[in-house]
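Q: data_23.cif is reproduced in full below (mmCIF, C-alpha atoms).
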data_structure
#
loop_
_atom_site.group_PDB
_atom_site.id
_atom_site.type_symbol
_atom_site.label_atom_id
_atom_site.label_comp_id
_atom_site.auth_asym_id
_atom_site.auth_seq_id
_atom_site.Cartn_x
_atom_site.Cartn_y
_atom_site.Cartn_z
ATOM 1 C CA MET H 1 9.393 -76.783 -13.441
ATOM 2 C CA ILE H 2 12.355 -78.999 -12.623
ATOM 3 C CA VAL H 3 15.333 -76.984 -11.391
ATOM 4 C CA TRP H 4 17.889 -79.785 -11.419
ATOM 5 C CA SER H 5 19.282 -82.279 -13.849
ATOM 6 C CA GLY H 6 20.924 -85.582 -13.009
ATOM 7 C CA VAL H 7 22.214 -85.745 -9.470
ATOM 8 C CA GLY H 8 21.753 -82.014 -8.903
ATOM 9 C CA PHE H 9 18.939 -82.727 -6.434
ATOM 10 C CA PHE H 10 21.606 -83.978 -4.012
ATOM 11 C CA ILE H 11 22.644 -80.336 -3.506
ATOM 12 C CA ALA H 12 19.207 -79.528 -2.076
ATOM 13 C CA LEU H 13 19.280 -82.739 -0.065
ATOM 14 C CA LEU H 14 22.700 -81.956 1.448
ATOM 15 C CA ILE H 15 21.670 -78.382 2.288
ATOM 16 C CA SER H 16 18.547 -79.710 4.012
ATOM 17 C CA VAL H 17 20.476 -82.350 5.951
ATOM 18 C CA SER H 18 23.046 -79.821 7.163
ATOM 19 C CA TYR H 19 20.259 -77.396 8.151
ATOM 20 C CA VAL H 20 18.459 -80.009 10.234
ATOM 21 C CA LEU H 21 21.720 -81.202 11.812
ATOM 22 C CA CYS H 22 22.966 -77.698 12.687
ATOM 23 C CA LYS H 23 19.570 -76.534 13.970
ATOM 24 C CA TRP H 24 19.308 -79.610 16.151
ATOM 25 C CA LEU H 25 22.865 -79.293 17.534
ATOM 26 C CA VAL H 26 22.734 -75.526 18.134
ATOM 27 C CA ASP H 27 19.368 -75.754 19.886
ATOM 28 C CA ILE H 28 20.676 -78.583 22.093
ATOM 29 C CA PHE H 29 23.906 -76.791 23.054
ATOM 30 C CA TYR H 30 22.321 -73.392 23.688
ATOM 31 C CA TYR H 31 18.561 -73.136 24.114
ATOM 32 C CA ASP H 32 15.490 -73.871 22.049
ATOM 33 C CA GLY H 33 15.070 -71.192 19.376
ATOM 34 C CA TYR H 34 18.715 -70.008 19.489
ATOM 35 C CA PHE H 35 19.323 -71.054 15.877
ATOM 36 C CA LEU H 36 16.508 -68.867 14.582
ATOM 37 C CA THR H 37 17.614 -65.781 16.517
ATOM 38 C CA HIS H 38 21.327 -65.859 15.599
ATOM 39 C CA LEU H 39 22.449 -65.517 12.000
ATOM 40 C CA TRP H 40 25.936 -66.966 12.527
ATOM 41 C CA ALA H 41 24.370 -70.408 12.855
ATOM 42 C CA THR H 42 22.991 -70.076 9.318
ATOM 43 C CA GLY H 43 26.489 -69.235 8.092
ATOM 44 C CA VAL H 44 27.865 -72.348 9.771
ATOM 45 C CA THR H 45 25.077 -74.375 8.170
ATOM 46 C CA LEU H 46 26.005 -73.125 4.704
ATOM 47 C CA ILE H 47 29.693 -73.824 5.317
ATOM 48 C CA LEU H 48 28.841 -77.384 6.391
ATOM 49 C CA SER H 49 26.713 -77.689 3.239
ATOM 50 C CA ALA H 50 29.686 -76.536 1.173
ATOM 51 C CA ILE H 51 31.868 -79.243 2.716
ATOM 52 C CA LEU H 52 29.255 -81.922 2.020
ATOM 53 C CA CYS H 53 28.779 -80.682 -1.556
ATOM 54 C CA ALA H 54 32.551 -80.695 -2.097
ATOM 55 C CA ALA H 55 32.553 -84.343 -1.001
ATOM 56 C CA LEU H 56 29.782 -85.031 -3.541
ATOM 57 C CA VAL H 57 31.810 -83.374 -6.316
ATOM 58 C CA TRP H 58 34.864 -85.408 -5.280
ATOM 59 C CA VAL H 59 32.836 -88.626 -5.525
ATOM 60 C CA LEU H 60 31.498 -87.591 -8.932
ATOM 61 C CA ARG H 61 35.051 -87.110 -10.184
ATOM 62 C CA GLN H 62 36.058 -90.672 -9.253
ATOM 63 C CA GLU H 63 35.790 -92.374 -12.634
ATOM 64 C CA LYS H 64 36.542 -95.841 -11.259
ATOM 65 C CA TRP H 65 33.564 -95.655 -8.912
ATOM 66 C CA LEU H 66 31.273 -94.379 -11.652
ATOM 67 C CA ASP H 67 32.396 -97.110 -14.044
ATOM 68 C CA ALA H 68 31.831 -99.783 -11.400
ATOM 69 C CA LEU H 69 28.374 -98.356 -10.665
ATOM 70 C CA ALA H 70 27.526 -98.333 -14.376
ATOM 71 C CA LYS H 71 28.575 -101.976 -14.720
ATOM 72 C CA LYS H 72 26.491 -103.049 -11.706
ATOM 73 C CA THR H 73 23.409 -101.191 -12.939
ATOM 74 C CA GLN H 74 24.046 -102.169 -16.579
ATOM 75 C CA SER H 75 23.910 -98.562 -17.756
ATOM 76 C CA ARG H 76 26.230 -96.167 -19.528
ATOM 77 C CA PRO H 77 28.840 -94.341 -17.408
ATOM 78 C CA MET H 78 28.338 -90.633 -16.776
ATOM 79 C CA ILE H 79 30.411 -88.208 -18.841
ATOM 80 C CA ALA H 80 31.790 -85.241 -16.827
ATOM 81 C CA PRO H 81 28.994 -85.462 -14.204
ATOM 82 C CA GLU H 82 30.287 -82.524 -12.163
ATOM 83 C CA LYS H 83 29.611 -80.241 -15.153
ATOM 84 C CA THR H 84 26.550 -81.836 -16.753
ATOM 85 C CA HIS H 85 24.470 -82.221 -13.581
ATOM 86 C CA ASN H 86 22.856 -78.958 -12.464
ATOM 87 C CA PHE H 87 20.924 -77.459 -9.595
ATOM 88 C CA PHE H 88 19.097 -74.216 -10.438
ATOM 89 C CA PHE H 89 20.861 -74.365 -13.812
ATOM 90 C CA ILE H 90 24.280 -74.039 -12.120
ATOM 91 C CA PRO H 91 26.653 -77.014 -12.470
ATOM 92 C CA VAL H 92 27.186 -79.095 -9.332
ATOM 93 C CA LEU H 93 30.896 -78.277 -9.583
ATOM 94 C CA TYR H 94 30.302 -74.640 -8.546
ATOM 95 C CA TRP H 95 27.918 -75.171 -5.614
ATOM 96 C CA PRO H 96 30.583 -75.792 -2.936
ATOM 97 C CA VAL H 97 32.197 -72.443 -3.776
ATOM 98 C CA ILE H 98 28.852 -70.622 -3.856
ATOM 99 C CA LEU H 99 27.776 -72.073 -0.500
ATOM 100 C CA LEU H 100 31.168 -71.419 1.100
ATOM 101 C CA LEU H 101 31.197 -67.772 0.017
ATOM 102 C CA LEU H 102 27.583 -67.216 1.047
ATOM 103 C CA GLY H 103 28.071 -68.923 4.421
ATOM 104 C CA SER H 104 31.341 -67.081 5.119
ATOM 105 C CA GLY H 105 29.751 -63.769 4.202
ATOM 106 C CA ILE H 106 26.780 -64.335 6.505
ATOM 107 C CA LEU H 107 29.054 -65.554 9.311
ATOM 108 C CA ILE H 108 31.425 -62.573 9.060
ATOM 109 C CA TRP H 109 28.577 -60.076 8.706
ATOM 110 C CA ASP H 110 26.801 -61.394 11.810
ATOM 111 C CA LEU H 111 29.954 -61.573 13.919
ATOM 112 C CA MET H 112 30.902 -57.997 12.960
ATOM 113 C CA ASN H 113 27.521 -56.605 14.102
#
Will you turn the file into structure tokens for me?
A:
Amino acid sequence: MIVWSGVGFFIALLISVSYVLCKWLVDIFYYDGYFLTHLWATGVTLILSAILCAALVWVLRQEKWLDALAKKTQSRPMIAPEKTHNFFFIPVLYWPVILLLLGSGILIWDLMN
């Protein structure tokens, strides 16, 4: 079962990239295994993912870039790609907000305990 349409797979890719980057940096700055034992690092990872996904949505909204890409690849330009491309049946447009809220919630919850 495919859970994305269009460029929605980039959401999973950006989440994975931010996870690997944050795990690597946190384990270097603290000690090996620190990322897995502290939940705030997961919150920071999701917030970084939200920033990267917001950049993706911004790029998708640049019609000049999409038109130039369509001309170079000799294809039709995308129509409202931030709404028609999905990941887990949720439009790409909403993923930065979802990841930001989830990451902030995890970060606040862990820092309060």
Q: Please measure the separation of atom CA of Leu48 of chain H and atom CA of Val17 of chain H, giving the value in Å to one decimal.
A: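 Between atom CA of Leu48 of chain H and atom CA of Val17 of chain H the gap works out to 9.7 Å.
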Q: Check the smallest atom-to-atom distance from each of H:Ala50, H:His38, H:Tyr19, H:Val57 to Asn86 of chain H using all atoms listed in the file, then report the winner.
A: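 Nearest candidate to Asn86 of chain H out of H:Ala50, H:His38, H:Tyr19, H:Val57: H:Val57.
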Q: Smallest atom-to-atom distance to Asp110 of chain H: which of H:Leu66, H:Ala41, H:Leu25, H:Val97, using all atoms listed in the file?
A: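 Result for the nearest residue to Asp110 of chain H: H:Ala41.
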Q: Quick one: everything within 9 Å of Arg76 of chain H, counting all atoms listed in the file, minus sequence neighbours fewer than 4 positions away in the same chain. Send it as a ChimeraX atom specification.
A: /H:67,70-71
Q: So that I can see what lies close to Asn113 of chain H, please list as a list in words the residues with an atom at most 12 Å from it, counting all atoms listed in the file and leaving out residues fewer than 3 positions away in the same chain.
A: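 Non-adjacent residues within range: His38, Leu39, Trp40, Ile106, Leu107, Ile108, Trp109 and Asp110 of chain H.
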Q: Extract, using all atoms listed in the file, all DNA, RNA and protein residues at most 10 Å from Gly105 of chain H, discarding same-chain residues fewer than 6 positions from it, and format them as a short mmCIF file (atom, residue, chain, number, x, y, z; two decimals) with C-alpha atoms, in the frame of the given file.
A:
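Result went into part-v5.cif, see below:
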data_model
loop_
_atom_site.label_atom_id
_atom_site.label_comp_id
_atom_site.auth_asym_id
_atom_site.auth_seq_id
_atom_site.Cartn_x
_atom_site.Cartn_y
_atom_site.Cartn_z
CA TRP H 40 25.94 -66.97 12.53
CA GLY H 43 26.49 -69.24 8.09
CA LEU H 99 27.78 -72.07 -0.50
CA LEU H 111 29.95 -61.57 13.92
#
Q: Which residues, written as a PDB file with C-alpha atoms, in the frame of the given file, have at least one atom at most 7 Å from segment 2-10 of chain H, with all atoms listed in the file counted and residues fewer than 6 positions away on the same chain left out?
A:
ATOM      1  CA  HIS H  85      24.470 -82.221 -13.581  1.00  0.00           C
ATOM      2  CA  ASN H  86      22.856 -78.958 -12.464  1.00  0.00           C
ATOM      3  CA  PHE H  87      20.924 -77.459  -9.595  1.00  0.00           C
ATOM      4  CA  PHE H  88      19.097 -74.216 -10.438  1.00  0.00           C
ATOM      5  CA  PHE H  89      20.861 -74.365 -13.812  1.00  0.00           C
ATOM      6  CA  VAL H  92      27.186 -79.095  -9.332  1.00  0.00           C
TER       7      VAL H  92
END
Q: Which residues are near Ala55 of chain H? Cut-off 12 Å, all atoms listed in the file, ignore same chain within fewer than 2 positions. Put them as an MDAnalysis selection string.
A: chainID H and resid 10:11 14 48:53 57:62 82 92:93 95:96
Q: Could you jot down the atom CA of Ser104 of chain H to atom CA of Thr42 of chain H separation for me, Å, one decimal place?
A: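 Rounded to one decimal, the two atoms are 9.8 Å apart.
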Q: To one decimal place in Å, what is the distance between atom CA of Leu100 of chain H and atom CA of Leu46 of chain H?
A: 6.5 Å
Q: Pick from H:Ile90, H:Leu13, H:Met112, H:Cys22: nearest to Ile47 of chain H, with only C-alpha atoms counted?
A: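 Result for the nearest residue to Ile47 of chain H: H:Cys22.
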Q: If the box runs along x, y and z of the file and leaves 5 Å on each side of segment 84-101 of chain H, what are its centre and edge lengths in Å, one decimal, as AutoDock Vina command-line options?
A:
--center_x 25.6 --center_y -75.0 --center_z -7.8 --size_x 23.1 --size_y 24.4 --size_z 27.9
